[in-house]
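These notes concern the structure reproduced below.
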Amino acid sequence: MKLKIIAAVFFWAALLMMSCNRDEISFEAPSQELRFSADTVFCDTVYHQVRSESYAVKVYNTEDRDIMIPNIELGRGASSLYRINVDGKSGYSFNNVPLRKKDSLYIFVEIAPTASSPEAIAEDRIFFTTPAGKQHVTLFSVVQDAEFFVETAGNPNILSGNITWNDGRAKIIYGDLTVAPGSTLNIEQGTKVYFFRNSGMKVAGGATVNINGDLDDEVIIRGDRNDPKYDTIPKNWNSMRFEPGSTVNMNYARVFGGIRGLDLREAAATIKNSIIHTFDEYGIYAVNSTVNAENLVMNNCQNADFGIFKGGNYNIIHSTLANYWQLTGTGSGLAMYAANEWINSSGQTETAPLSLNIGNSILYTKSANALQLKPVSGQTFNYQVRNSLLKYDVGAGFNFDTSPGIINSFKNTDPAFLNYYTEKMNLRVAADSYAKGKGSAGIAATVPLDIVKISRTSNPTLGAYQ
């Protein structure tokens, strides 16, 4: 018992000494300049009255003594579009901020702006005033005006009639946005369509979506976060789902970063000069649909770039379907999967005839097979792969060397993409690529310009890029 009492006395005495030592810490004025983790904080593109995520900058005390920073403040003060948090406190100006020797301090930054024009620059500075001088960290963001489409219990968020979206304001969608039966949504060049997490678009039967971009002025369809790191992350939104009897016409669009891109259910799609990448399941998920695609570029989808179920009719010409999925160890990572069958929401298997035509294209992946076919006994399964380059191995569902459906095509020769990683995705092929000059001139004549409007009528290169 005495030993316990003695131990307790020593414990409280030691704790009291530590407390006294803390109280005796002496903070002095800095004699050297502070060091920062970054001299500029680039916030993602933000929208009218929508708060950004938080960004952090670290402030380092490189001196061998504890210092007191006399003043930290936003340059524009209370009128700034930015807010900062210093040492757990929010505000615009902070005095006498302590920083222990060889230690660092986090400053968190966010912006919740108002937009006075379609797109503007929001810039401010965090100033640090010490006897060693006045230093700053620049804060920078692009602010876009936006139009919001919000689904609530009282607002089903339905577009009816003939609607046109242009690039005057970004379109921000919360929940599901539905295009009503018989309605037409025209999305003009340069328009940006952003979906919040768990949000998407539903296009009813008889409705049409026309996406009318142009080279260097594409329509952008993605999640709402514009920080570059989100360019290569899936699951930021759900999908654009087209119900039976609906239609999509897409030209010069970039669609990325969701669960599925185009979810076609007995729908019709014409896709030209478009890039679809980085989806948790499929870039295109087509159930008994009709798809005509040319100069289509796809990459980085967990199961397959292009998934075909329950048959349908598909013509894929001068397209590049690469798949170098590496975010998880799961998924097939195919360029294309095509099957006669489909399991519906009731668990029943449905089948239908399939017709698949691939010409002057590249289907290449890091997995063993790029193209997997799964015909169903008793159903028509017609396929023709002409003048195309495939990654192929056993288990593809066809025999590359003996199948009458494989015509003047090539297997297992690396197309030498310039950069297949999505961070700097460039699926052009190198000057010495095997794909150069291997295309059929007859097929090329049906799509005489590549995705960047270069003529391919002479010595056509396989894929979307000449």
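Simple scheme: letters A, B, ... for chains in structure tokens order, numbers from 1 for residues in each chain, numbers from 1 for ligands in the order shown.
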What lies within 10 Å of Ala293 in chain A using only C-alpha atoms, ignoring chain neighbours under 3 positions off, as number ranges by chain? A: 250-251, 269-274, 290, 296-297, 314-319, 358
For the strand (DSSP E) assignment from backbone DSSP, which residues of range 194-417 of chain A qualify? Please present them as number ranges by chain. A: 194-195, 200-203, 208-212, 219-223, 240-242, 247-251, 253-256, 260-265, 268-279, 282-301, 304-317, 320-323, 334-339, 341-343, 349-351, 354-359, 362-365, 371-374, 381-386, 389-390, 406-407, 410-411, 417
By how many Å are CA of Glu188 in chain A and CA of Thr422 in chain A apart? 25.7 Å
Write down as a ChimeraX atom specification the residues belonging to range 16-206 of chain A that are assigned helix (DSSP H, G or I) by DSSP computed on the backbone. /A:16-23,77-79
So the first atom is CA of Gln302 in chain A and the second is CA of Phe42 in chain A; what is the distance between them in Å, to one decimal place?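 Value for the CA of Gln302 in chain A-CA of Phe42 in chain A distance: 29.9 Å.
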Within 6 Å of range 90-93 of chain A, counting only C-alpha atoms, which residues show up once you throw out same-chain ones fewer than 3 positions away? Write them as an NGL selection string, please. :A and (72-74 or 77 or 84-85)
Of the listed residues A:Ser160, A:Ser52, A:Ser332, A:Asn96, that which approaches Ile111 in chain A most closely, counting only C-alpha atoms: A:Ser52
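Taking only C-alpha atoms into account, Ser104 in chain A lies nearest to A:Val57 out of the set A:Leu449, A:Met425, A:Ile158, A:Val57.
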Any idea what's packed within 8 Å of range 395-409 of chain A, counting only C-alpha atoms, ignoring anything in its chain fewer than 6 positions away? Could you give it as number ranges by chain? A: 369, 371-375, 382-389
Would you kindly return, as a PyMOL selection string, each protein, DNA or RNA residue with an atom no farther than 10 Å from any atom of Ala180 in chain A, considering only C-alpha atoms and excluding same-chain residues fewer than 6 positions away? chain A and resi 157-161+202-208
Print the selection's residues with N, CA and C atoms to a file, as a compact mmCIF listing (two decimals), in the first residue's frame.
```
# COMPACT_ATOMS: atom_id res chain seq x y z
N ASN A 157 -37.45 16.67 -60.67
CA ASN A 157 -36.32 17.08 -61.50
C ASN A 157 -36.44 16.53 -62.92
N ILE A 158 -37.50 16.94 -63.61
CA ILE A 158 -37.81 16.44 -64.95
C ILE A 158 -37.71 17.56 -65.97
N LEU A 159 -37.01 17.28 -67.08
CA LEU A 159 -36.96 18.21 -68.21
C LEU A 159 -37.97 17.76 -69.26
N SER A 160 -38.80 18.69 -69.72
CA SER A 160 -39.82 18.38 -70.72
C SER A 160 -39.72 19.36 -71.88
N GLY A 161 -40.05 18.86 -73.08
CA GLY A 161 -40.05 19.72 -74.26
C GLY A 161 -38.72 19.68 -74.98
N LYS A 202 -31.45 10.17 -66.29
CA LYS A 202 -32.30 9.12 -66.85
C LYS A 202 -33.03 9.68 -68.05
N VAL A 203 -32.93 8.98 -69.16
CA VAL A 203 -33.55 9.42 -70.40
C VAL A 203 -34.67 8.44 -70.73
N ALA A 204 -35.91 8.93 -70.68
CA ALA A 204 -37.08 8.07 -70.84
C ALA A 204 -37.23 7.62 -72.29
N GLY A 205 -38.03 6.56 -72.49
CA GLY A 205 -38.32 6.07 -73.82
C GLY A 205 -38.91 7.16 -74.70
N GLY A 206 -38.45 7.25 -75.94
CA GLY A 206 -38.92 8.28 -76.85
C GLY A 206 -38.20 9.60 -76.73
N ALA A 207 -37.34 9.75 -75.72
CA ALA A 207 -36.58 10.99 -75.53
C ALA A 207 -35.24 10.89 -76.25
N THR A 208 -34.68 12.06 -76.56
CA THR A 208 -33.41 12.12 -77.28
C THR A 208 -32.46 13.09 -76.59
```
Would you list the contacts of Met201 in chain A as a list of chain:residue names, taking every protein, DNA or RNA residue within 7 Å and counting only C-alpha atoms, but skipping same-chain residues closer than 2 positions in sequence? A:Asp176, A:Leu177, A:Thr178, A:Val203, A:Ser239, A:Met240, A:Arg241
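Distance-wise, CA of Asn95 in chain A and CA of Ala132 in chain A end up 16.0 Å apart.
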